[in-house]
$ cat query_11.txt   # compact mmCIF, C-alpha atoms
# COMPACT_ATOMS: atom_id res chain seq x y z
CA MET F 1 -4.68 11.63 24.43
CA ASN F 2 -0.87 11.88 24.46
CA GLU F 3 0.38 13.95 21.51
CA SER F 4 4.05 13.21 22.21
CA PHE F 5 3.67 9.44 22.15
CA LYS F 6 6.55 7.22 21.10
CA GLN F 7 4.85 4.06 19.90
CA LEU F 8 1.50 2.66 18.80
CA ARG F 9 1.45 -1.11 19.33
CA LEU F 10 -0.99 -3.66 17.90
CA ASP F 11 -0.83 -7.03 19.67
CA ALA F 12 -2.47 -9.94 17.81
CA VAL F 13 -5.44 -7.78 16.79
CA GLY F 14 -8.30 -9.81 15.31
CA ARG F 15 -11.89 -9.39 14.19
CA THR F 16 -14.33 -12.17 13.33
CA TYR F 17 -17.92 -12.03 12.09
CA PRO F 18 -20.68 -14.65 12.44
CA THR F 19 -21.97 -16.41 9.34
CA ALA F 20 -25.49 -17.60 8.57
CA SER F 21 -24.46 -21.17 9.41
CA GLY F 22 -23.45 -20.18 12.93
CA SER F 23 -19.70 -20.36 12.34
CA THR F 24 -17.39 -17.33 12.20
CA VAL F 25 -15.20 -15.86 9.48
CA ALA F 26 -12.04 -13.87 10.21
CA ALA F 27 -11.90 -10.42 8.61
CA LEU F 28 -8.66 -9.72 10.47
CA SER F 29 -6.35 -12.24 12.06
CA ASP F 30 -3.49 -11.75 14.57
CA LEU F 31 -2.23 -8.40 13.26
CA SER F 32 0.82 -7.42 15.32
CA LEU F 33 2.70 -4.24 14.52
CA ASP F 34 4.78 -1.59 16.27
CA ILE F 35 4.42 1.90 14.77
CA GLN F 36 6.86 4.59 15.84
CA ARG F 37 6.14 8.31 16.11
CA GLY F 38 6.85 9.93 12.74
CA GLU F 39 6.31 6.74 10.71
CA PHE F 40 4.12 6.53 7.64
CA ILE F 41 2.60 3.04 7.44
CA ALA F 42 0.64 1.81 4.41
CA LEU F 43 -1.81 -1.09 4.74
CA LEU F 44 -1.81 -2.51 1.23
CA GLY F 45 -3.93 -5.21 -0.36
CA PRO F 46 -6.90 -6.00 -2.61
CA SER F 47 -10.51 -5.32 -1.67
CA GLY F 48 -11.70 -7.52 1.19
CA CYS F 49 -8.23 -8.27 2.57
CA GLY F 50 -8.93 -6.70 5.98
CA LYS F 51 -7.04 -3.43 5.71
CA SER F 52 -10.07 -1.17 6.29
CA THR F 53 -11.21 -3.46 9.11
CA ALA F 54 -7.81 -2.95 10.74
CA LEU F 55 -8.16 0.83 10.41
CA ASN F 56 -11.69 0.81 11.83
CA CYS F 57 -10.53 -1.31 14.77
CA LEU F 58 -7.81 1.26 15.48
CA ALA F 59 -10.31 4.11 15.24
CA GLY F 60 -12.77 2.34 17.54
CA LEU F 61 -15.45 2.14 14.84
CA THR F 62 -15.23 -1.68 14.94
CA GLU F 63 -14.74 -3.69 18.14
CA LEU F 64 -11.91 -6.19 18.44
CA THR F 65 -12.68 -9.84 19.02
CA SER F 66 -9.08 -10.56 20.04
CA GLY F 67 -5.86 -8.76 20.84
CA SER F 68 -5.20 -5.24 22.12
CA VAL F 69 -4.01 -1.80 21.00
CA TRP F 70 -1.60 0.30 23.06
CA LEU F 71 -0.45 3.90 22.83
CA ASP F 72 2.78 3.74 24.80
CA GLU F 73 1.65 2.28 28.16
CA THR F 74 -2.05 3.08 27.71
CA ARG F 75 -4.39 0.42 26.39
CA ILE F 76 -6.76 2.22 24.04
CA ASP F 77 -8.89 -0.50 22.42
CA VAL F 78 -11.08 -0.36 25.54
CA LEU F 79 -11.72 3.37 24.99
CA PRO F 80 -14.55 4.82 22.84
CA PRO F 81 -13.48 6.48 19.56
CA GLU F 82 -13.71 10.04 20.87
CA GLN F 83 -11.31 9.27 23.72
CA ARG F 84 -8.62 7.79 21.48
CA GLY F 85 -7.98 11.19 19.96
CA PHE F 86 -7.14 9.92 16.47
CA GLY F 87 -7.76 11.95 13.33
CA MET F 88 -9.47 10.11 10.47
CA VAL F 89 -9.75 10.91 6.76
CA PHE F 90 -12.46 9.00 4.89
CA GLN F 91 -12.65 7.93 1.26
CA ASN F 92 -15.73 10.09 0.57
CA TYR F 93 -14.47 13.17 2.51
CA ALA F 94 -17.56 13.11 4.83
CA LEU F 95 -17.81 16.92 4.91
CA PHE F 96 -20.92 18.76 6.11
CA PRO F 97 -22.30 20.36 2.91
CA HIS F 98 -24.12 23.18 4.75
CA MET F 99 -21.06 24.27 6.73
CA SER F 100 -18.26 26.51 5.51
CA VAL F 101 -14.74 25.16 5.18
CA GLU F 102 -13.64 26.74 8.46
CA ARG F 103 -16.67 25.36 10.31
CA ASN F 104 -16.04 21.89 8.89
CA VAL F 105 -12.42 22.03 9.99
CA GLY F 106 -13.33 23.35 13.44
CA PHE F 107 -16.10 20.82 14.09
CA GLY F 108 -13.97 18.50 16.23
CA LEU F 109 -12.66 21.42 18.28
CA ARG F 110 -16.21 22.66 18.95
CA MET F 111 -17.19 19.17 20.15
CA ARG F 112 -14.21 19.32 22.55
CA GLY F 113 -15.27 22.72 23.93
CA VAL F 114 -12.18 24.57 22.73
CA ARG F 115 -12.33 28.36 23.26
CA LYS F 116 -13.28 30.42 20.19
CA ASP F 117 -9.99 32.31 19.98
CA GLU F 118 -7.97 29.10 20.30
CA MET F 119 -10.23 27.36 17.78
CA ALA F 120 -9.78 30.20 15.26
CA ARG F 121 -6.00 30.02 15.63
CA ARG F 122 -5.85 26.26 15.15
CA VAL F 123 -8.29 26.26 12.21
CA ALA F 124 -6.23 28.95 10.48
CA ALA F 125 -3.04 26.97 11.10
CA ALA F 126 -4.59 23.77 9.72
CA LEU F 127 -5.89 25.54 6.59
CA SER F 128 -2.44 27.04 6.08
CA LEU F 129 -0.83 23.62 6.36
CA VAL F 130 -3.10 22.21 3.63
CA GLN F 131 -2.73 25.42 1.56
CA LEU F 132 -6.40 26.48 1.67
CA GLU F 133 -6.03 29.87 3.38
CA GLY F 134 -8.25 31.70 0.89
CA HIS F 135 -11.13 29.21 0.99
CA ALA F 136 -12.25 29.39 4.63
CA LYS F 137 -15.68 30.92 3.91
CA LYS F 138 -16.58 28.66 0.98
CA LEU F 139 -18.94 25.70 1.13
CA PRO F 140 -17.60 22.22 0.21
CA GLY F 141 -19.72 22.24 -2.97
CA GLN F 142 -17.73 25.22 -4.24
CA LEU F 143 -14.45 23.30 -4.05
CA SER F 144 -12.78 20.78 -6.33
CA GLY F 145 -12.38 17.17 -5.24
CA GLY F 146 -8.75 17.76 -4.32
CA GLN F 147 -9.64 20.82 -2.26
CA GLN F 148 -12.40 18.91 -0.45
CA GLN F 149 -9.89 16.21 0.42
CA ARG F 150 -7.58 18.89 1.83
CA VAL F 151 -10.46 20.12 4.01
CA ALA F 152 -10.95 16.57 5.27
CA ILE F 153 -7.23 16.34 6.09
CA ALA F 154 -7.32 19.72 7.85
CA ARG F 155 -10.28 18.57 9.96
CA ALA F 156 -8.33 15.44 10.95
CA ILE F 157 -5.13 17.26 11.94
CA VAL F 158 -6.65 20.31 13.66
CA ILE F 159 -7.37 18.28 16.81
CA GLU F 160 -3.60 17.61 16.99
CA PRO F 161 -3.95 13.82 17.08
CA PRO F 162 -1.09 11.44 17.89
CA VAL F 163 -2.09 9.26 14.91
CA ILE F 164 -3.82 10.08 11.63
CA LEU F 165 -5.83 7.29 9.95
CA MET F 166 -6.53 7.53 6.22
CA ASP F 167 -8.89 5.13 4.43
CA GLU F 168 -8.36 5.18 0.63
CA PRO F 169 -8.40 9.01 0.67
CA LEU F 170 -7.41 9.47 -2.99
CA SER F 171 -9.57 6.85 -4.71
CA ASN F 172 -12.20 9.39 -5.84
CA LEU F 173 -9.68 11.72 -7.51
CA ASP F 174 -8.46 11.67 -11.09
CA ALA F 175 -5.00 10.28 -11.90
CA LYS F 176 -3.17 13.63 -12.09
CA LEU F 177 -4.68 14.87 -8.85
CA ARG F 178 -3.88 11.61 -7.07
CA VAL F 179 -0.19 12.06 -7.86
CA GLU F 180 -0.27 15.66 -6.63
CA MET F 181 -2.12 14.75 -3.43
CA ARG F 182 0.35 11.94 -2.65
CA ALA F 183 3.09 14.52 -2.40
CA GLU F 184 0.87 16.83 -0.33
CA ILE F 185 -0.09 14.13 2.17
CA ARG F 186 3.54 13.12 2.60
CA ARG F 187 4.53 16.79 3.09
CA ILE F 188 1.84 17.29 5.73
CA HIS F 189 2.86 14.07 7.48
CA THR F 190 6.50 15.21 7.60
CA GLN F 191 5.60 18.61 9.02
CA LEU F 192 3.31 17.18 11.70
CA GLU F 193 5.85 14.56 12.92
CA ARG F 194 3.04 12.26 14.09
CA ALA F 195 2.22 8.78 12.80
CA THR F 196 0.10 8.15 9.71
CA ILE F 197 -1.61 4.84 8.89
CA TYR F 198 -2.80 4.82 5.31
CA VAL F 199 -5.07 2.21 3.69
CA THR F 200 -4.74 1.69 -0.06
CA HIS F 201 -5.07 -0.93 -2.78
CA ASP F 202 -2.71 1.07 -5.03
CA GLN F 203 0.88 -0.21 -5.08
CA ASP F 204 2.23 3.07 -6.46
CA GLU F 205 0.68 5.04 -3.60
CA ALA F 206 2.15 2.72 -1.00
CA LEU F 207 5.60 2.60 -2.61
CA SER F 208 5.86 6.37 -3.07
CA MET F 209 4.54 7.46 0.34
CA ALA F 210 5.20 4.86 3.03
CA ASP F 211 8.16 4.24 5.31
CA ARG F 212 6.89 0.68 5.75
CA ILE F 213 4.27 -1.33 3.90
CA VAL F 214 2.03 -4.00 5.43
CA VAL F 215 0.81 -6.30 2.66
CA MET F 216 -2.40 -8.10 3.58
CA ARG F 217 -4.43 -10.99 2.21
CA ALA F 218 -7.65 -12.55 3.55
CA GLY F 219 -7.28 -10.80 6.89
CA SER F 220 -3.67 -11.82 7.55
CA VAL F 221 -0.33 -10.07 7.11
CA GLN F 222 1.80 -11.44 4.28
CA GLN F 223 4.82 -9.14 4.59
CA VAL F 224 5.97 -6.05 6.47
CA GLY F 225 8.89 -4.14 5.02
CA THR F 226 10.23 -0.98 3.45
CA PRO F 227 9.01 -0.14 -0.06
CA ARG F 228 12.35 -1.31 -1.45
CA GLU F 229 12.06 -4.66 0.37
CA VAL F 230 8.46 -5.32 -0.63
CA TYR F 231 9.06 -4.27 -4.24
CA GLY F 232 12.35 -6.09 -4.74
CA ARG F 233 12.08 -9.09 -2.42
CA PRO F 234 8.43 -10.19 -2.08
CA ARG F 235 8.22 -12.77 0.69
CA ASN F 236 5.80 -15.10 -1.07
CA LEU F 237 4.09 -15.61 -4.39
CA HIS F 238 0.96 -13.70 -3.37
CA VAL F 239 2.99 -10.59 -2.53
CA ALA F 240 5.01 -11.00 -5.72
CA ARG F 241 1.87 -11.15 -7.85
CA PHE F 242 0.32 -8.18 -6.07
CA MET F 243 3.51 -6.14 -6.51
CA GLY F 244 3.51 -6.60 -10.26
CA TYR F 245 5.32 -9.87 -10.95
CA ARG F 246 2.88 -10.82 -13.71
CA ASN F 247 4.98 -13.65 -15.13
CA VAL F 248 4.81 -16.75 -12.92
CA MET F 249 6.14 -19.94 -14.51
CA PRO F 250 6.87 -23.49 -13.24
CA PHE F 251 10.57 -24.45 -13.30
CA ASP F 252 12.52 -27.46 -12.08
CA VAL F 253 15.52 -26.90 -9.83
CA ALA F 254 18.61 -28.29 -11.58
CA GLN F 255 21.12 -26.97 -9.04
CA HIS F 256 20.92 -25.28 -5.65
CA GLU F 257 23.87 -23.14 -4.49
CA GLY F 258 22.83 -21.09 -1.48
CA GLU F 259 20.53 -18.33 -2.74
CA THR F 260 21.39 -19.02 -6.37
CA LEU F 261 19.41 -21.61 -8.31
CA THR F 262 19.86 -23.11 -11.75
CA LEU F 263 16.34 -23.44 -13.14
CA GLN F 264 15.20 -25.65 -16.00
CA SER F 265 12.06 -25.58 -18.14
CA GLY F 266 12.30 -27.74 -21.25
CA GLN F 267 15.32 -26.51 -23.17
CA VAL F 268 15.47 -23.18 -21.26
CA THR F 269 17.95 -22.73 -18.43
CA LEU F 270 17.89 -19.63 -16.20
CA ARG F 271 19.80 -18.58 -13.13
CA GLY F 272 17.50 -17.36 -10.39
CA THR F 273 17.35 -16.25 -6.78
CA SER F 274 15.91 -18.51 -4.11
CA MET F 275 13.18 -16.93 -2.00
CA ALA F 276 13.56 -19.35 0.91
CA VAL F 277 13.35 -22.41 -1.35
CA PRO F 278 14.47 -25.36 0.83
CA THR F 279 17.43 -27.41 -0.36
CA GLY F 280 16.19 -30.49 -2.17
CA THR F 281 13.08 -28.81 -3.57
CA ALA F 282 12.53 -30.10 -7.10
CA ASN F 283 9.86 -27.73 -8.41
CA THR F 284 9.46 -23.97 -8.04
CA ALA F 285 7.30 -21.11 -9.21
CA VAL F 286 9.49 -18.45 -10.83
CA ALA F 287 8.24 -14.86 -10.79
CA MET F 288 9.50 -12.18 -13.19
CA ARG F 289 8.36 -8.57 -13.42
CA PRO F 290 7.66 -7.19 -16.92
CA ASP F 291 9.81 -4.14 -16.20
CA ASP F 292 12.89 -6.22 -15.35
CA PHE F 293 13.37 -7.54 -18.89
CA GLU F 294 15.72 -5.77 -21.29
CA LEU F 295 17.00 -6.33 -24.78
CA ALA F 296 19.81 -8.86 -24.39
CA GLY F 297 22.51 -7.03 -26.31
CA ASP F 298 25.79 -8.59 -25.19
CA HIS F 299 24.14 -10.64 -22.43
CA ALA F 300 24.51 -14.34 -23.15
CA ASP F 301 23.18 -15.64 -19.84
CA ASN F 302 19.55 -15.56 -18.67
CA SER F 303 18.34 -14.77 -22.17
CA LEU F 304 15.27 -15.85 -24.12
CA ASP F 305 14.28 -15.70 -27.77
CA VAL F 306 10.76 -14.30 -28.08
CA ALA F 307 8.28 -13.12 -30.70
CA VAL F 308 5.95 -10.14 -30.20
CA LYS F 309 2.26 -11.07 -30.15
CA THR F 310 0.64 -7.82 -29.00
CA GLN F 311 1.71 -4.32 -28.00
CA GLU F 312 0.04 -1.86 -25.62
CA PHE F 313 1.40 1.64 -26.16
CA GLY F 314 2.40 3.41 -22.94
CA GLY F 315 4.34 6.49 -24.02
CA ARG F 316 8.05 5.95 -23.54
CA THR F 317 7.54 2.23 -23.00
CA SER F 318 5.32 -0.46 -24.47
CA LEU F 319 3.76 -3.41 -22.68
CA LEU F 320 4.24 -6.45 -24.88
CA ILE F 321 2.89 -9.96 -24.77
CA VAL F 322 5.57 -12.17 -26.29
CA SER F 323 5.68 -15.88 -26.99
CA SER F 324 8.67 -17.87 -25.76
CA ALA F 325 9.78 -21.42 -25.12
CA ILE F 326 8.46 -21.16 -21.53
CA GLY F 327 5.10 -19.68 -22.53
CA ASP F 328 3.65 -16.22 -23.10
CA LEU F 329 5.30 -13.42 -21.11
CA PHE F 330 4.42 -9.83 -20.24
CA VAL F 331 7.38 -7.58 -21.04
CA ARG F 332 7.75 -3.79 -20.76
CA LEU F 333 10.37 -2.22 -23.02
CA PRO F 334 11.19 1.25 -24.33
CA GLY F 335 10.37 1.86 -27.96
CA HIS F 336 7.82 0.64 -30.47
CA PHE F 337 7.43 -2.91 -31.76
CA GLU F 338 5.34 -4.70 -34.35
CA GLN F 339 3.51 -8.02 -34.17
CA GLY F 340 5.90 -10.78 -35.21
CA ASP F 341 9.08 -8.92 -34.27
CA ARG F 342 11.69 -11.33 -32.96
CA LEU F 343 13.70 -10.21 -29.94
CA ARG F 344 16.27 -11.65 -27.59
CA LEU F 345 15.57 -10.62 -23.99
CA HIS F 346 17.68 -10.74 -20.84
CA ILE F 347 16.54 -10.76 -17.21
CA PRO F 348 19.04 -10.56 -14.33
CA ALA F 349 19.32 -13.56 -12.01
CA ASP F 350 18.56 -11.39 -8.98
CA ARG F 351 15.25 -10.37 -10.60
CA THR F 352 14.30 -13.97 -11.38
CA LEU F 353 12.68 -14.98 -8.08
CA ALA F 354 11.99 -18.62 -7.25
CA TYR F 355 9.38 -19.69 -4.68
CA ALA F 356 8.60 -23.13 -3.24
CA GLU F 357 4.95 -22.70 -4.18
CA THR F 358 2.56 -23.80 -6.91
CA PRO F 359 2.23 -21.23 -9.75

$ encode --input "query_11.txt" --output "structure tokens"
Amino acid sequence: MNESFKQLRLDAVGRTYPTASGSTVAALSDLSLDIQRGEFIALLGPSGCGKSTALNCLAGLTELTSGSVWLDETRIDVLPPEQRGFGMVFQNYALFPHMSVERNVGFGLRMRGVRKDEMARRVAAALSLVQLEGHAKKLPGQLSGGQQQRVAIARAIVIEPPVILMDEPLSNLDAKLRVEMRAEIRRIHTQLERATIYVTHDQDEALSMADRIVVMRAGSVQQVGTPREVYGRPRNLHVARFMGYRNVMPFDVAQHEGETLTLQSGQVTLRGTSMAVPTGTANTAVAMRPDDFELAGDHADNSLDVAVKTQEFGGRTSLLIVSSAIGDLFVRLPGHFEQGDRLRLHIPADRTLAYAETP
């Protein structure tokens, strides 16, 4: 398979499954995406949204029911998995417990009939890249979870694949190790200069690692964009909720001036940003992220009087539930607060996002 490819292209890729009633259900619907060499793509969404199905279709572990996959000018969805030449890292590592680290890493090369001297060179290079040079003779059971995951990554990259597929590779690690491994995976990706497609349900993983994020729901793509775009400008209410906009409130549109809206709920008036709300729309769902609130200080506009109901300590910040004239809100602020504390909060208009959807 071509190692110096320029583009991996998914054209309307779909996968359906039969149901007991004789109908079909779509696990993946019309996924179209162009992935350039050197890109890190994250498929992000909750369990059951189709992201692992998409990865398995790319790997050849699941057959397509519609669409096609192309590596440059070569159609590869018609090829068996071993001929696609992709490297894959699984959630549970999938290492052979009776084989040493170096034999695990070299397994794919042995299956390809690579000469012993060439195999030894490439295994050593892969172990060096994942910083496991001194562990070649150990068995997987003698390694930590993070080290086992590095072995799995080394096994995937040693075959020099054009594309590396990763399916929730950090979900079995503890929180500290997950953060460390995020940086390691990104470093390895940068050094290899191939393409990486990474499945995760963790927003922080996707935001910190990916060049582009594909947000999925019920088998369909909701938004494709850079981490900054997906985080700051969610395309619809589902993406907003999934990206941490925990406060979703109904508001009436009092005035519509381009992208700026004047929003009304009872006696509360806020300025907000239209997320493709058509002119003439009377009702919106307004999404606000807990982290975007701040103590009002000198801010007179877009401010709310609130009272603290509960506090969840989080170190430098606290997650509060506060009561307000528009209902209970989740708010994250620095400092410590007590139940009953009265605060005046401000949220910028460009962080008050209005959608033409039902809350």

$ residues_around --input "query_11.txt" --residues "Met166 (chain F)" --least-positions-apart "6" --cutoff "6 Å" --atoms "all atoms listed in the file" --output "JSON, numbers by chain"
{"F": [88, 89, 198]}

$ write_last_selection --input "query_11.txt" --atoms "C-alpha atoms" --output "JSON list (two decimals), keeping the file's coordinate frame"
[["chain", "number", "residue", "atom", "x", "y", "z"],
["F", 88, "MET", "CA", -9.47, 10.11, 10.47],
["F", 89, "VAL", "CA", -9.75, 10.91, 6.76],
["F", 198, "TYR", "CA", -2.80, 4.82, 5.31]]

$ closest_residue --input "query_11.txt" --among "F:Thr74, F:Thr24, F:Asn104, F:Ser128" --to "Pro140 (chain F)" --atoms "only C-alpha atoms"
F:Asn104

$ atom_distance --input "query_11.txt" --atom1 "CA of Arg9 (chain F)" --atom2 "CA of Asp30 (chain F)"
12.7 Å

$ closest_atom_pairs --input "query_11.txt" --of "region 176-261 of chain F" --to "region 131-134 of chain F" --cutoff "12 Å" --atoms "only C-alpha atoms" --output "JSON lines"
{"residue": "F:Met181", "atom": "CA", "partner": "F:Gln131", "partner_atom": "CA", "distance": 11.8}
{"residue": "F:Glu184", "atom": "CA", "partner": "F:Gln131", "partner_atom": "CA", "distance": 9.5}
{"residue": "F:Ile185", "atom": "CA", "partner": "F:Gln131", "partner_atom": "CA", "distance": 11.6}
{"residue": "F:Arg187", "atom": "CA", "partner": "F:Gln131", "partner_atom": "CA", "distance": 11.4}
{"residue": "F:Ile188", "atom": "CA", "partner": "F:Gln131", "partner_atom": "CA", "distance": 10.2}

$ closest_residue --input "query_11.txt" --among "F:Leu139, F:Gly297, F:Ser324, F:Leu345" --to "Gly266 (chain F)" --atoms "only C-alpha atoms"
F:Ser324

$ closest_residue --input "query_11.txt" --among "F:Arg241, F:His201, F:Arg212, F:Arg271" --to "Gln255 (chain F)" --atoms "only C-alpha atoms"
F:Arg271

$ closest_residue --input "query_11.txt" --among "F:Glu102, F:Lys138, F:Ile159, F:Arg316" --to "Val114 (chain F)" --atoms "all atoms listed in the file"
F:Ile159

$ closest_residue --input "query_11.txt" --among "F:Ser21, F:Gly60, F:Leu95, F:Arg186" --to "Val78 (chain F)" --atoms "all atoms listed in the file"
F:Gly60

$ atom_distance --input "query_11.txt" --atom1 "CA of Ile153 (chain F)" --atom2 "CA of Asn172 (chain F)"
14.7 Å

$ closest_residue --input "query_11.txt" --among "F:Thr279, F:Asn247, F:Thr317, F:Asn56" --to "Thr260 (chain F)" --atoms "all atoms listed in the file"
F:Thr279
